[in-house]
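J.: Got a structure for you, written out below as structure tokens; questions coming shortly.
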Amino acid sequence: MKKTELHNKILSLVLPIAFSQFMLTLVSACDALMLGKLAQNAMSAVSLAGQAAFVLSLFTAALTIGGSMFAAQYWGKKDIDAVERIFALTLRVSVGVGLLFTVISFINPYIFMKILTNEEELVELGAGYLRSVSLSYVLCSISQIYLCIMKNSGQARLSTLISSLAVILNIVLNAVLIFGLFGCPALGISGAAYATVIARAMEYGMVKINAQRSESIHLRLHWLLKPDKALQKTVWKHTLPVLGNELVWGLGFSVSAVMIGHLGTDAVAANSIASIVRNLIACFCIGLGSGGGILVGNALGAGRLEDGKILGRQITILALGSGILSGIISILLIPIALSVITLSPGAEHDLVWMLGISSIWMVGKSVNCATVGGIFCAGGDSRFGLLCDTVTLWGIIVPLGMLAAFVLKLPVLVVYFIVNMDELIKLPAVFCHYKKYKWVKDLTRLGECV
């Protein structure tokens, strides 16, 4: 396959997934923009409360990555029955985790907030938001597994359409319910929460309707209630390291947010906006990792191992280029971010430098998403990410960050710089592991479990 044709094949899958990721991130941006018009603390409280959804997303991400390892390869092999068994297995676990988060957030949301900040006003505002948004967690856990299977079974564009429609509804309802448009009451923070719940309910409804189509992967009740034991053992063997990796990385990231959360409201506000801006920009990088992993998995599952290596190389090159471009865009967006959000002078100063630091972070994030999160997992090589993040985050970044923030009491920007260097520190080890090609293997031949 010619390089141009190869790039077109990659982009045809990556762009819908990246756009879907962008639309999801856009909700957080609109929440910040709209709530920022009300008060800085309202925006900060919702940003901190969003860490609960972030932790839930770690479990969902592990399940979708683990499911994609096998679904992509079995779809490449045209084994529909195996894909349906994987679908039921991952959905079964995802529903349980989502339900747990819904119950805890509704009954005692203060558990989350008091961990994240010691500012009483932020705790109260955030707890109210969590209780109102709690139902969305279980709905999200279901719909994300459906959307994952759609992406792995030739319906990437449709999954993007469904996600995008849900996001558009969420944004419109945000404006209506936060500010009280068209005769509705102005609900502020609660309005943002209710908008999220309604949008997630619509998304769930759309994936359920699509699941009834004859060409879709179907949820078989038998496999949901009595999962295939042999398949379950094999899937968990490769998924548990991914879950460990997501938790190690995610909890390390949350600890970083806790450090910033205890350095004052200005630091929290600036970090909230910086996170949203860089997440919006990083969508293509994340989509490249997810879509690239599916393509590599399809090739490996079909027995085309050399094609898998070629795809992996091209995806890695694209990731490096997109990371550099994303860093440049991050710097160019600084004046726009300052013009659309009302912040205190101290928060504005912090935001400028945080976005500058994020421009460097983008390069490492892009390459690591494509390799560790996409290519390696496509071939079942899921343990490397766990080891790499454990050493980098908990052996280096978290101890240095805690020392800088709470012992040496260094300035906010120094702490921020330290906690955002993990993606760059990992790069040499990631590159060396990539060249070993341990990820080039056909999972459908391992154990003959299906």
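Identifiers in the structure tokens: chain A, B, ... in order shown; residue index from 1 per chain; ligand index from 1 in order shown.
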Quick one: which range 278-380 of chain A residues come within 8 Å of range 423-427 of chain A, and what is the nearest atom pair for each with the distance in Å to one decimal, counting only C-alpha atoms, rows ordered by chain and ascending number, as a tab-separated table?
T.:
residue	atom	partner	partner_atom	distance
A:Trp361	CA	A:Glu423	CA	6.4
A:Val363	CA	A:Leu424	CA	7.7
A:Gly364	CA	A:Glu423	CA	4.8
A:Lys365	CA	A:Glu423	CA	5.6
A:Val367	CA	A:Leu427	CA	7.9
A:Asn368	CA	A:Glu423	CA	7.2
J.: Taking only residues of range 242-316 of chain A that have an atom at most 10 Å from an atom of range 63-81 of chain A, what is each one's shortest atom pair and its distance in Å to one decimal, using only C-alpha atoms, in chain and number order, as a Markdown table?
T.:
| residue | atom | partner | partner_atom | distance |
| --- | --- | --- | --- | --- |
| A:Val242 | CA | A:Gly66 | CA | 6.9 |
| A:Leu243 | CA | A:Leu63 | CA | 7.5 |
| A:Ser290 | CA | A:Ile65 | CA | 8.3 |
| A:Gly293 | CA | A:Met69 | CA | 8.1 |
| A:Ile294 | CA | A:Ala72 | CA | 5.5 |
| A:Leu295 | CA | A:Ala72 | CA | 7.6 |
| A:Val296 | CA | A:Ala72 | CA | 8.4 |
| A:Gly297 | CA | A:Gln73 | CA | 4.9 |
| A:Asn298 | CA | A:Gly76 | CA | 4.3 |
| A:Ala299 | CA | A:Gly76 | CA | 6.6 |
| A:Leu300 | CA | A:Gln73 | CA | 6.4 |
| A:Gly301 | CA | A:Gln73 | CA | 3.8 |
| A:Ala302 | CA | A:Lys77 | CA | 5.0 |
| A:Gly303 | CA | A:Lys77 | CA | 8.3 |
| A:Arg304 | CA | A:Gly76 | CA | 9.9 |
J.: Atoms to include: N, CA and C atoms. Write the selected residues as a PDB file, in the first residue's frame.
T.:
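Dumped everything to again_38.pdb:
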ATOM      1  N   VAL A 242      -4.149  -3.169  31.728  1.00  0.00           N
ATOM      2  CA  VAL A 242      -4.636  -1.888  31.215  1.00  0.00           C
ATOM      3  C   VAL A 242      -5.362  -1.131  32.311  1.00  0.00           C
ATOM      4  N   LEU A 243      -6.214  -1.832  33.079  1.00  0.00           N
ATOM      5  CA  LEU A 243      -6.914  -1.196  34.192  1.00  0.00           C
ATOM      6  C   LEU A 243      -5.917  -0.679  35.210  1.00  0.00           C
ATOM      7  N   SER A 290      -6.456   5.742  19.451  1.00  0.00           N
ATOM      8  CA  SER A 290      -7.596   4.829  19.457  1.00  0.00           C
ATOM      9  C   SER A 290      -7.840   4.225  18.080  1.00  0.00           C
ATOM     10  N   GLY A 293      -4.930   2.032  16.908  1.00  0.00           N
ATOM     11  CA  GLY A 293      -4.945   0.731  17.571  1.00  0.00           C
ATOM     12  C   GLY A 293      -5.934  -0.230  16.928  1.00  0.00           C
ATOM     13  N   ILE A 294      -7.099   0.294  16.516  1.00  0.00           N
ATOM     14  CA  ILE A 294      -8.095  -0.542  15.854  1.00  0.00           C
ATOM     15  C   ILE A 294      -7.561  -1.067  14.523  1.00  0.00           C
ATOM     16  N   LEU A 295      -6.938  -0.193  13.734  1.00  0.00           N
ATOM     17  CA  LEU A 295      -6.398  -0.600  12.434  1.00  0.00           C
ATOM     18  C   LEU A 295      -5.289  -1.638  12.587  1.00  0.00           C
ATOM     19  N   VAL A 296      -4.393  -1.413  13.534  1.00  0.00           N
ATOM     20  CA  VAL A 296      -3.319  -2.384  13.778  1.00  0.00           C
ATOM     21  C   VAL A 296      -3.910  -3.707  14.241  1.00  0.00           C
ATOM     22  N   GLY A 297      -4.919  -3.633  15.133  1.00  0.00           N
ATOM     23  CA  GLY A 297      -5.574  -4.853  15.611  1.00  0.00           C
ATOM     24  C   GLY A 297      -6.255  -5.618  14.501  1.00  0.00           C
ATOM     25  N   ASN A 298      -6.940  -4.903  13.586  1.00  0.00           N
ATOM     26  CA  ASN A 298      -7.572  -5.563  12.436  1.00  0.00           C
ATOM     27  C   ASN A 298      -6.538  -6.316  11.614  1.00  0.00           C
ATOM     28  N   ALA A 299      -5.392  -5.680  11.357  1.00  0.00           N
ATOM     29  CA  ALA A 299      -4.345  -6.306  10.544  1.00  0.00           C
ATOM     30  C   ALA A 299      -3.756  -7.527  11.246  1.00  0.00           C
ATOM     31  N   LEU A 300      -3.475  -7.404  12.537  1.00  0.00           N
ATOM     32  CA  LEU A 300      -2.884  -8.519  13.274  1.00  0.00           C
ATOM     33  C   LEU A 300      -3.853  -9.685  13.368  1.00  0.00           C
ATOM     34  N   GLY A 301      -5.147  -9.374  13.619  1.00  0.00           N
ATOM     35  CA  GLY A 301      -6.149 -10.435  13.722  1.00  0.00           C
ATOM     36  C   GLY A 301      -6.350 -11.179  12.413  1.00  0.00           C
ATOM     37  N   ALA A 302      -6.142 -10.477  11.299  1.00  0.00           N
ATOM     38  CA  ALA A 302      -6.273 -11.113   9.982  1.00  0.00           C
ATOM     39  C   ALA A 302      -5.005 -11.862   9.583  1.00  0.00           C
ATOM     40  N   GLY A 303      -4.005 -11.862  10.469  1.00  0.00           N
ATOM     41  CA  GLY A 303      -2.761 -12.575  10.183  1.00  0.00           C
ATOM     42  C   GLY A 303      -1.760 -11.788   9.367  1.00  0.00           C
ATOM     43  N   ARG A 304      -2.035 -10.490   9.129  1.00  0.00           N
ATOM     44  CA  ARG A 304      -1.129  -9.653   8.326  1.00  0.00           C
ATOM     45  C   ARG A 304      -0.175  -8.916   9.275  1.00  0.00           C
TER      46      ARG A 304
END
J.: Any idea what's packed within 10 Å of Ala267 in chain A, counting only C-alpha atoms, ignoring anything in its chain fewer than 6 positions away? Could you give it as JSON, numbers by chain?
T.: {"A": [44, 259, 260, 261, 346, 347, 348, 349, 350, 351, 354, 412, 413, 416]}
J.: Using only C-alpha atoms, determine which residues lie at most 12 Å from Ala61 in chain A, disregarding the query and same-chain residues fewer than 6 positions distant; provide the list as a list of chain:residue names.
T.: A:Ala53, A:Phe54, A:Val55, A:Gly67, A:Ser68, A:Thr90, A:Ser94, A:Cys140, A:Ser141, A:Gln144, A:Ile145, A:Leu147, A:Cys148, A:Thr239, A:Leu240, A:Val242, A:Leu243, A:Gly244, A:Asn245, A:Glu246, A:Leu247, A:Trp249, A:Gly250, A:Ile286, A:Ser290, A:Gly373, A:Gly374
J.: If I take CA of Met43 in chain A and CA of Leu26 in chain A, how far is one from the other in Å, to one decimal?
T.: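 Going from CA of Met43 in chain A over to CA of Leu26 in chain A covers 14.8 Å.
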J.: Which residues come within 12 Å of Ile162 in chain A, counting only C-alpha atoms, excluding same-chain residues fewer than 5 positions away, as a PyMOL selection string?
T.: chain A and resi 16-17+19-21+23-24+143-144+146-147+150-151+155-157+167-169+199-210
J.: A:Ala39, A:Met34, A:Thr117, A:Ile111: which is nearest Leu263 in chain A, counting only C-alpha atoms?
T.: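 Comparing A:Ala39, A:Met34, A:Thr117, A:Ile111 against Leu263 in chain A, the winner is A:Thr117.
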J.: So which one's closest to Val172 in chain A, A:Cys30, A:Leu288, A:Leu221, A:Ala127? Using only C-alpha atoms, please.
T.: A:Cys30
J.: Considering only C-alpha atoms, state which residue in the set A:Ile315, A:Gly356, A:Glu306, A:Phe182 is at the smallest distance from Ser330 in chain A.
T.: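 For Ser330 in chain A, the nearest of the given residues is A:Gly356.
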J.: I need the residue nearest Leu173 in chain A from this list: A:Ala195, A:Cys369, A:Glu215, A:Pro399. Use only C-alpha atoms for the distance.
T.: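 Of A:Ala195, A:Cys369, A:Glu215, A:Pro399, the one nearest Leu173 in chain A is A:Ala195, counting only C-alpha atoms.
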J.: May I have the residues within 7 Å of range 379-383 of chain A as a ChimeraX atom specification, using only C-alpha atoms and disregarding those fewer than 6 positions away in the same chain?
T.: /A:69,238,241-242,297,438-443
J.: Tell me which of A:Leu116, A:Leu280, A:Ala274, A:Val255 sits closest to Leu393 in chain A, counting only C-alpha atoms.
T.: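 Among A:Leu116, A:Leu280, A:Ala274, A:Val255, it is A:Val255 that comes nearest to Leu393 in chain A.
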J.: Measuring atom to atom with only C-alpha atoms, identify which of A:Phe376, A:Phe22, A:Tyr129, A:Trp353 is nearest to Arg313 in chain A.
T.: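 Closest residue, counting only C-alpha atoms: A:Phe376.
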J.: Which residues come within 6 Å of Arg131 in chain A, counting only C-alpha atoms, excluding same-chain residues fewer than 2 positions away, as a list in words?
T.: Ser105, Phe106, Gly128, Tyr129, Val133 and Ser134 of chain A
J.: Figure out the distance between CA of Leu122 in chain A and CA of Val415 in chain A, please, to one decimal in Å.
T.: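 Between these atoms lies a distance of 21.4 Å.
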J.: Kindly give the distance, in Å, that separates CA of Ser254 in chain A and CA of Leu135 in chain A, rounded to a single decimal.
T.: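 Computing the Euclidean distance for CA of Ser254 in chain A and CA of Leu135 in chain A yields 22.2 Å.
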